[in-house]
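S.K.: Encoded as structure tokens, here's the structure I'll be asking about.
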Amino acid sequence: MKKNIFLLFVIVIQCMTGQEKNLVHPFLPEIITKFPTVRDFTMSPNENEIYFTAQGYAGELSTIIKVVKKDNEWSAPQVAPFSGQYADLEPMFSPDGLRLFFVSNRPNAFTTNEKKNHDIWYIERSTINDDWSIPKNLGSPINTEGDEFYPSIAKNGNLYYTSTASSSKGKDDIFVSKFENNIYSEPISLSEAINSEGYEYNSYISSDESFLIFGGYKRKDGLGSGDLYISYKDKEGNWSKAENLTKINSDKMDYCPFYDSKTQTLYFTSKRNVIKEDTKKTKNLQQLLEVMNSYENGLSRIYSISIKL
């Protein structure tokens, strides 16, 4: 039923606007364009605090950026106080806003592998107005000597994330570790309704675990690169076969979803590019730079769309 409602909503909006592209909007372009590339995004429950990852053009640098809202305006971006030294990325708030999970290759005491790998870390605070704690490694059984990415947590504490573990069904899988008796259980790879022999990644779980949005790379029903997919959980705990969010995806890489249920807004990262060759007339330097530096120029940017899921 939820899937039918979602599809009906999209069709109605299409009829109202007549243009699907008008549904997706650049998010805070005056801030995002300060950085070469930007990916992944999370917002606090009170909607006054956002974190995202800024990277170099080739991903050689990766730092988490913090922006806060003051007097109903977003402040200038700053390096998050826990970031700026190591390769940090993929911040994600817990539903109560008292924990912030993220991924980092910083040193830890849980691995014997000399090569730096990516683990899931978190910081926490007692209230929404308190300072964050020092970063803490989530530890076993979540983190391994392999790589773990993109943590997303439900209201009951269950953690969904990407892993390259040997128990995966393909290249990368989406795993879940249930939070039982205040500890995380042994992670399991989600069913074939979601995971495949290819790459699945960047999963966002709704706070009530009713739906999961994730990225799938070059699937048979894909639009050309990485696409966003959605799957719904039924009353028996089974996931529906994932469906391509075709009205949102482009033929370029679309990934890193985050959904704000209060405003019914989906935020995501995209490398979409609307720049086309134009030989009708000569362009001067200013005109060339305006085109090259436009928001939808093929570099990773944050976008938003109003949609009821």
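Order determines the names: the first chain of the structure tokens is A, the second B, and so forth; residues in each chain are numbered 1 upward, and ligands are numbered 1 upward as they are shown.
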Under the rule of at most 7 Å, produce a per-residue listing of segment 144-189 of chain A near segment 76-92 of chain A: chain, number, name, the closest pair of atoms, and the distance in Å, as CSV, using only C-alpha atoms.
M.R.:
residue,atom,partner,partner_atom,distance
A:Tyr150,CA,A:Glu90,CA,5.6
A:Pro151,CA,A:Met92,CA,6.7
A:Ser152,CA,A:Met92,CA,6.3
S.K.: Those residues with C-alpha atoms, as a CSV table (one decimal), in the first residue's frame please?
M.R.:
chain,number,residue,atom,x,y,z
A,150,TYR,CA,27.4,4.7,6.1
A,151,PRO,CA,25.9,4.0,9.5
A,152,SER,CA,22.1,4.7,10.0
S.K.: If we count only C-alpha atoms, what is near segment 153-157 of chain A at a cut-off of 7 Å, once residues fewer than 2 positions away on the same chain are taken out, given as a PDB file with all heavy atoms, in the first residue's frame?
M.R.:
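The file below, selection.pdb, is the result:
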ATOM      1  N   SER A  94      21.489  10.081  15.201  1.00  0.00           N
ATOM      2  CA  SER A  94      20.493   9.159  15.732  1.00  0.00           C
ATOM      3  C   SER A  94      19.160   9.909  15.778  1.00  0.00           C
ATOM      4  O   SER A  94      19.133  11.143  15.781  1.00  0.00           O
ATOM      5  CB  SER A  94      20.893   8.689  17.131  1.00  0.00           C
ATOM      6  OG  SER A  94      20.984   9.797  18.022  1.00  0.00           O
ATOM      7  N   PRO A  95      18.025   9.200  15.825  1.00  0.00           N
ATOM      8  CA  PRO A  95      16.720   9.877  15.803  1.00  0.00           C
ATOM      9  C   PRO A  95      16.505  10.883  16.928  1.00  0.00           C
ATOM     10  O   PRO A  95      15.752  11.839  16.757  1.00  0.00           O
ATOM     11  CB  PRO A  95      15.732   8.708  15.912  1.00  0.00           C
ATOM     12  CG  PRO A  95      16.442   7.562  15.279  1.00  0.00           C
ATOM     13  CD  PRO A  95      17.876   7.732  15.700  1.00  0.00           C
ATOM     14  N   PRO A 151      26.733   4.501   8.450  1.00  0.00           N
ATOM     15  CA  PRO A 151      25.850   4.044   9.530  1.00  0.00           C
ATOM     16  C   PRO A 151      24.528   4.811   9.535  1.00  0.00           C
ATOM     17  O   PRO A 151      24.472   6.001   9.275  1.00  0.00           O
ATOM     18  CB  PRO A 151      26.664   4.379  10.790  1.00  0.00           C
ATOM     19  CG  PRO A 151      27.491   5.565  10.377  1.00  0.00           C
ATOM     20  CD  PRO A 151      27.838   5.333   8.934  1.00  0.00           C
ATOM     21  N   LEU A 159      21.125  -0.878  13.952  1.00  0.00           N
ATOM     22  CA  LEU A 159      22.077  -0.157  13.108  1.00  0.00           C
ATOM     23  C   LEU A 159      22.180  -0.800  11.737  1.00  0.00           C
ATOM     24  O   LEU A 159      22.427  -2.006  11.616  1.00  0.00           O
ATOM     25  CB  LEU A 159      23.454  -0.141  13.764  1.00  0.00           C
ATOM     26  CG  LEU A 159      24.543   0.627  13.027  1.00  0.00           C
ATOM     27  CD1 LEU A 159      24.308   2.132  13.156  1.00  0.00           C
ATOM     28  CD2 LEU A 159      25.927   0.277  13.564  1.00  0.00           C
ATOM     29  N   TYR A 160      22.017  -0.002  10.696  1.00  0.00           N
ATOM     30  CA  TYR A 160      22.164  -0.438   9.311  1.00  0.00           C
ATOM     31  C   TYR A 160      23.415   0.223   8.740  1.00  0.00           C
ATOM     32  O   TYR A 160      23.659   1.412   8.979  1.00  0.00           O
ATOM     33  CB  TYR A 160      20.935  -0.052   8.490  1.00  0.00           C
ATOM     34  CG  TYR A 160      19.679  -0.792   8.879  1.00  0.00           C
ATOM     35  CD1 TYR A 160      19.009  -0.501  10.066  1.00  0.00           C
ATOM     36  CD2 TYR A 160      19.159  -1.796   8.057  1.00  0.00           C
ATOM     37  CE1 TYR A 160      17.852  -1.192  10.433  1.00  0.00           C
ATOM     38  CE2 TYR A 160      18.004  -2.487   8.409  1.00  0.00           C
ATOM     39  CZ  TYR A 160      17.362  -2.174   9.598  1.00  0.00           C
ATOM     40  OH  TYR A 160      16.225  -2.854   9.961  1.00  0.00           O
ATOM     41  N   PHE A 179      20.014  -4.065  18.108  1.00  0.00           N
ATOM     42  CA  PHE A 179      20.423  -3.594  19.427  1.00  0.00           C
ATOM     43  C   PHE A 179      19.556  -4.299  20.466  1.00  0.00           C
ATOM     44  O   PHE A 179      18.393  -3.960  20.665  1.00  0.00           O
ATOM     45  CB  PHE A 179      20.254  -2.080  19.503  1.00  0.00           C
ATOM     46  CG  PHE A 179      20.954  -1.448  20.679  1.00  0.00           C
ATOM     47  CD1 PHE A 179      22.325  -1.526  20.820  1.00  0.00           C
ATOM     48  CD2 PHE A 179      20.220  -0.765  21.649  1.00  0.00           C
ATOM     49  CE1 PHE A 179      22.971  -0.933  21.897  1.00  0.00           C
ATOM     50  CE2 PHE A 179      20.855  -0.168  22.726  1.00  0.00           C
ATOM     51  CZ  PHE A 179      22.232  -0.259  22.860  1.00  0.00           C
ATOM     52  N   ILE A 205      17.880   4.184   7.059  1.00  0.00           N
ATOM     53  CA  ILE A 205      16.724   3.512   7.647  1.00  0.00           C
ATOM     54  C   ILE A 205      15.814   4.552   8.298  1.00  0.00           C
ATOM     55  O   ILE A 205      16.287   5.463   8.979  1.00  0.00           O
ATOM     56  CB  ILE A 205      17.170   2.444   8.686  1.00  0.00           C
ATOM     57  CG1 ILE A 205      15.972   1.619   9.164  1.00  0.00           C
ATOM     58  CG2 ILE A 205      17.901   3.082   9.862  1.00  0.00           C
ATOM     59  CD1 ILE A 205      15.338   0.762   8.110  1.00  0.00           C
ATOM     60  N   SER A 206      14.518   4.437   8.075  1.00  0.00           N
ATOM     61  CA  SER A 206      13.572   5.334   8.744  1.00  0.00           C
ATOM     62  C   SER A 206      13.570   5.026  10.234  1.00  0.00           C
ATOM     63  O   SER A 206      13.915   3.919  10.659  1.00  0.00           O
ATOM     64  CB  SER A 206      12.169   5.158   8.167  1.00  0.00           C
ATOM     65  OG  SER A 206      11.700   3.842   8.385  1.00  0.00           O
ATOM     66  N   SER A 207      13.188   5.978  11.052  1.00  0.00           N
ATOM     67  CA  SER A 207      13.270   5.808  12.502  1.00  0.00           C
ATOM     68  C   SER A 207      12.432   4.634  12.997  1.00  0.00           C
ATOM     69  O   SER A 207      12.789   3.965  13.970  1.00  0.00           O
ATOM     70  CB  SER A 207      12.850   7.094  13.206  1.00  0.00           C
ATOM     71  OG  SER A 207      11.503   7.419  12.898  1.00  0.00           O
ATOM     72  N   ASP A 208      11.318   4.335  12.314  1.00  0.00           N
ATOM     73  CA  ASP A 208      10.457   3.222  12.717  1.00  0.00           C
ATOM     74  C   ASP A 208      10.739   1.940  11.932  1.00  0.00           C
ATOM     75  O   ASP A 208      10.010   0.953  12.053  1.00  0.00           O
ATOM     76  CB  ASP A 208       8.978   3.596  12.576  1.00  0.00           C
ATOM     77  CG  ASP A 208       8.587   3.932  11.136  1.00  0.00           C
ATOM     78  OD1 ASP A 208       9.478   3.906  10.245  1.00  0.00           O
ATOM     79  OD2 ASP A 208       7.410   4.227  10.904  1.00  0.00           O
ATOM     80  N   GLU A 209      11.782   1.958  11.123  1.00  0.00           N
ATOM     81  CA  GLU A 209      12.200   0.810  10.300  1.00  0.00           C
ATOM     82  C   GLU A 209      11.143   0.385   9.277  1.00  0.00           C
ATOM     83  O   GLU A 209      11.143  -0.751   8.812  1.00  0.00           O
ATOM     84  CB  GLU A 209      12.567  -0.394  11.169  1.00  0.00           C
ATOM     85  CG  GLU A 209      13.887  -0.272  11.879  1.00  0.00           C
ATOM     86  CD  GLU A 209      14.304  -1.551  12.562  1.00  0.00           C
ATOM     87  OE1 GLU A 209      13.603  -1.967  13.515  1.00  0.00           O
ATOM     88  OE2 GLU A 209      15.320  -2.150  12.164  1.00  0.00           O
TER      89      GLU A 209
END
S.K.: Please produce, as a tab-separated table, a per-residue contact table for segment 85-171 of chain A versus segment 183-192 of chain A (criterion: any atom at most 10 Å away, only C-alpha atoms considered), showing the nearest atom pair and its distance in Å to one decimal, sorted by chain then residue number.
M.R.:
residue	atom	partner	partner_atom	distance
A:Leu138	CA	A:Tyr184	CA	9.6
A:Gly139	CA	A:Tyr184	CA	9.8
A:Ser140	CA	A:Tyr184	CA	8.4
A:Pro141	CA	A:Glu186	CA	5.9
A:Ile142	CA	A:Pro187	CA	6.8
A:Asn143	CA	A:Pro187	CA	10.0
A:Gly157	CA	A:Tyr184	CA	8.7
A:Asn158	CA	A:Tyr184	CA	7.9
A:Leu159	CA	A:Tyr184	CA	8.2
A:Tyr160	CA	A:Pro187	CA	8.9
A:Tyr161	CA	A:Pro187	CA	9.5
A:Thr162	CA	A:Ser189	CA	9.3
A:Ser163	CA	A:Ser189	CA	8.9
A:Ala165	CA	A:Ser189	CA	9.2
A:Ser167	CA	A:Ser189	CA	7.2
A:Ser168	CA	A:Ser189	CA	6.0
A:Lys169	CA	A:Ser189	CA	7.5
S.K.: I need the residues from that last selection saved to file as an mmCIF file, in the first residue's frame (with C-alpha atoms), if you can.
M.R.:
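Everything below was put into out.cif:
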data_model
loop_
_atom_site.group_PDB
_atom_site.id
_atom_site.type_symbol
_atom_site.label_atom_id
_atom_site.label_comp_id
_atom_site.auth_asym_id
_atom_site.auth_seq_id
_atom_site.Cartn_x
_atom_site.Cartn_y
_atom_site.Cartn_z
ATOM 1 C CA LEU A 138 31.816 1.396 17.880
ATOM 2 C CA GLY A 139 33.926 -1.743 18.207
ATOM 3 C CA SER A 140 33.001 -5.372 17.644
ATOM 4 C CA PRO A 141 30.890 -6.952 16.235
ATOM 5 C CA ILE A 142 30.215 -3.970 13.921
ATOM 6 C CA ASN A 143 33.765 -2.964 13.092
ATOM 7 C CA GLY A 157 18.847 1.270 18.204
ATOM 8 C CA ASN A 158 19.147 -1.162 15.287
ATOM 9 C CA LEU A 159 22.077 -0.157 13.108
ATOM 10 C CA TYR A 160 22.164 -0.438 9.311
ATOM 11 C CA TYR A 161 25.425 0.033 7.435
ATOM 12 C CA THR A 162 27.561 -1.010 4.463
ATOM 13 C CA SER A 163 30.222 -3.668 4.845
ATOM 14 C CA ALA A 165 32.503 -8.562 5.117
ATOM 15 C CA SER A 167 29.411 -12.947 4.581
ATOM 16 C CA SER A 168 28.099 -10.467 2.017
ATOM 17 C CA LYS A 169 26.126 -11.667 -1.002
#
S.K.: Could you check the closest approach to Thr246 of chain A for each of A:Leu100, A:Ile305, A:Leu223, A:Ile31 and tell me which residue wins, using only C-alpha atoms?
M.R.: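 Distance minimum relative to Thr246 of chain A lands on A:Leu223.
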S.K.: To test your reading of the structure, identify every residue in segment 102-302 of chain A that backbone DSSP assigns to helix (DSSP H, G or I), and report it as a ChimeraX atom specification.
M.R.: /A:285-292
S.K.: Keeping N, CA and C atoms for every residue in the selection just given, could you write it to a file as a tab-separated table (two decimals), in the first residue's frame?
M.R.:
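Saved file part-v4.tsv follows:
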chain	number	residue	atom	x	y	z
A	285	LEU	N	35.67	34.29	-21.28
A	285	LEU	CA	36.14	33.58	-20.10
A	285	LEU	C	35.08	33.56	-18.99
A	286	GLN	N	34.44	34.68	-18.75
A	286	GLN	CA	33.43	34.75	-17.70
A	286	GLN	C	32.26	33.79	-17.98
A	287	GLN	N	31.85	33.74	-19.25
A	287	GLN	CA	30.75	32.84	-19.61
A	287	GLN	C	31.15	31.38	-19.46
A	288	LEU	N	32.39	31.06	-19.84
A	288	LEU	CA	32.87	29.70	-19.68
A	288	LEU	C	32.91	29.29	-18.22
A	289	LEU	N	33.41	30.18	-17.36
A	289	LEU	CA	33.52	29.86	-15.94
A	289	LEU	C	32.14	29.72	-15.30
A	290	GLU	N	31.19	30.51	-15.74
A	290	GLU	CA	29.83	30.40	-15.21
A	290	GLU	C	29.24	29.03	-15.51
A	291	VAL	N	29.50	28.54	-16.72
A	291	VAL	CA	29.00	27.21	-17.09
A	291	VAL	C	29.75	26.13	-16.32
A	292	MET	N	31.08	26.23	-16.27
A	292	MET	CA	31.88	25.21	-15.60
A	292	MET	C	31.58	25.12	-14.12
S.K.: Go ahead and compute the interatomic distance for atom CA of Ala193 of chain A and atom CA of Val103 of chain A, in Å to one decimal.
M.R.: 26.0 Å
S.K.: Segment 69-280 of chain A: which residues are strand (DSSP E) by DSSP, as a PyMOL selection string?
M.R.: chain A and resi 69-70+73-74+78-79+88-93+99-104+119-124+136-137+148-153+159-163+173-177+179-180+183-184+188-189+200-205+211-217+226-232+243-244+254-260+265-270
S.K.: Nearest to Trp74 of chain A: which of A:Ile128, A:Ala58, A:Val38, A:Ile32 is it, counting only C-alpha atoms?
M.R.: A:Ile32
S.K.: Which one is closest to Trp132 of chain A: A:Tyr199, A:Phe149, A:Phe101, A:Tyr217? Count only C-alpha atoms.
M.R.: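 Looking only at the distances to Trp132 of chain A, the closest residue turns out to be A:Phe101.
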S.K.: Contacts of segment 70-72 of chain A at 12 Å or less, counting only C-alpha atoms, minus same-chain residues fewer than 6 places along, as a list in words?
M.R.: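 In the requested format, the answer is Glu47, Asn48 and Glu49 of chain A.
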S.K.: Just the selected residues (N, CA and C atoms), exported as a PDB file, in the first residue's frame, please.
M.R.:
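Now in result-v9.pdb:
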ATOM      1  N   GLU A  47      16.352  20.411  13.449  1.00  0.00           N
ATOM      2  CA  GLU A  47      16.622  21.032  12.144  1.00  0.00           C
ATOM      3  C   GLU A  47      17.472  22.301  12.235  1.00  0.00           C
ATOM      4  N   ASN A  48      18.287  22.400  13.287  1.00  0.00           N
ATOM      5  CA  ASN A  48      19.143  23.564  13.471  1.00  0.00           C
ATOM      6  C   ASN A  48      20.627  23.247  13.335  1.00  0.00           C
ATOM      7  N   GLU A  49      20.953  22.022  12.922  1.00  0.00           N
ATOM      8  CA  GLU A  49      22.346  21.596  12.874  1.00  0.00           C
ATOM      9  C   GLU A  49      22.512  20.590  11.741  1.00  0.00           C
TER      10      GLU A  49
END
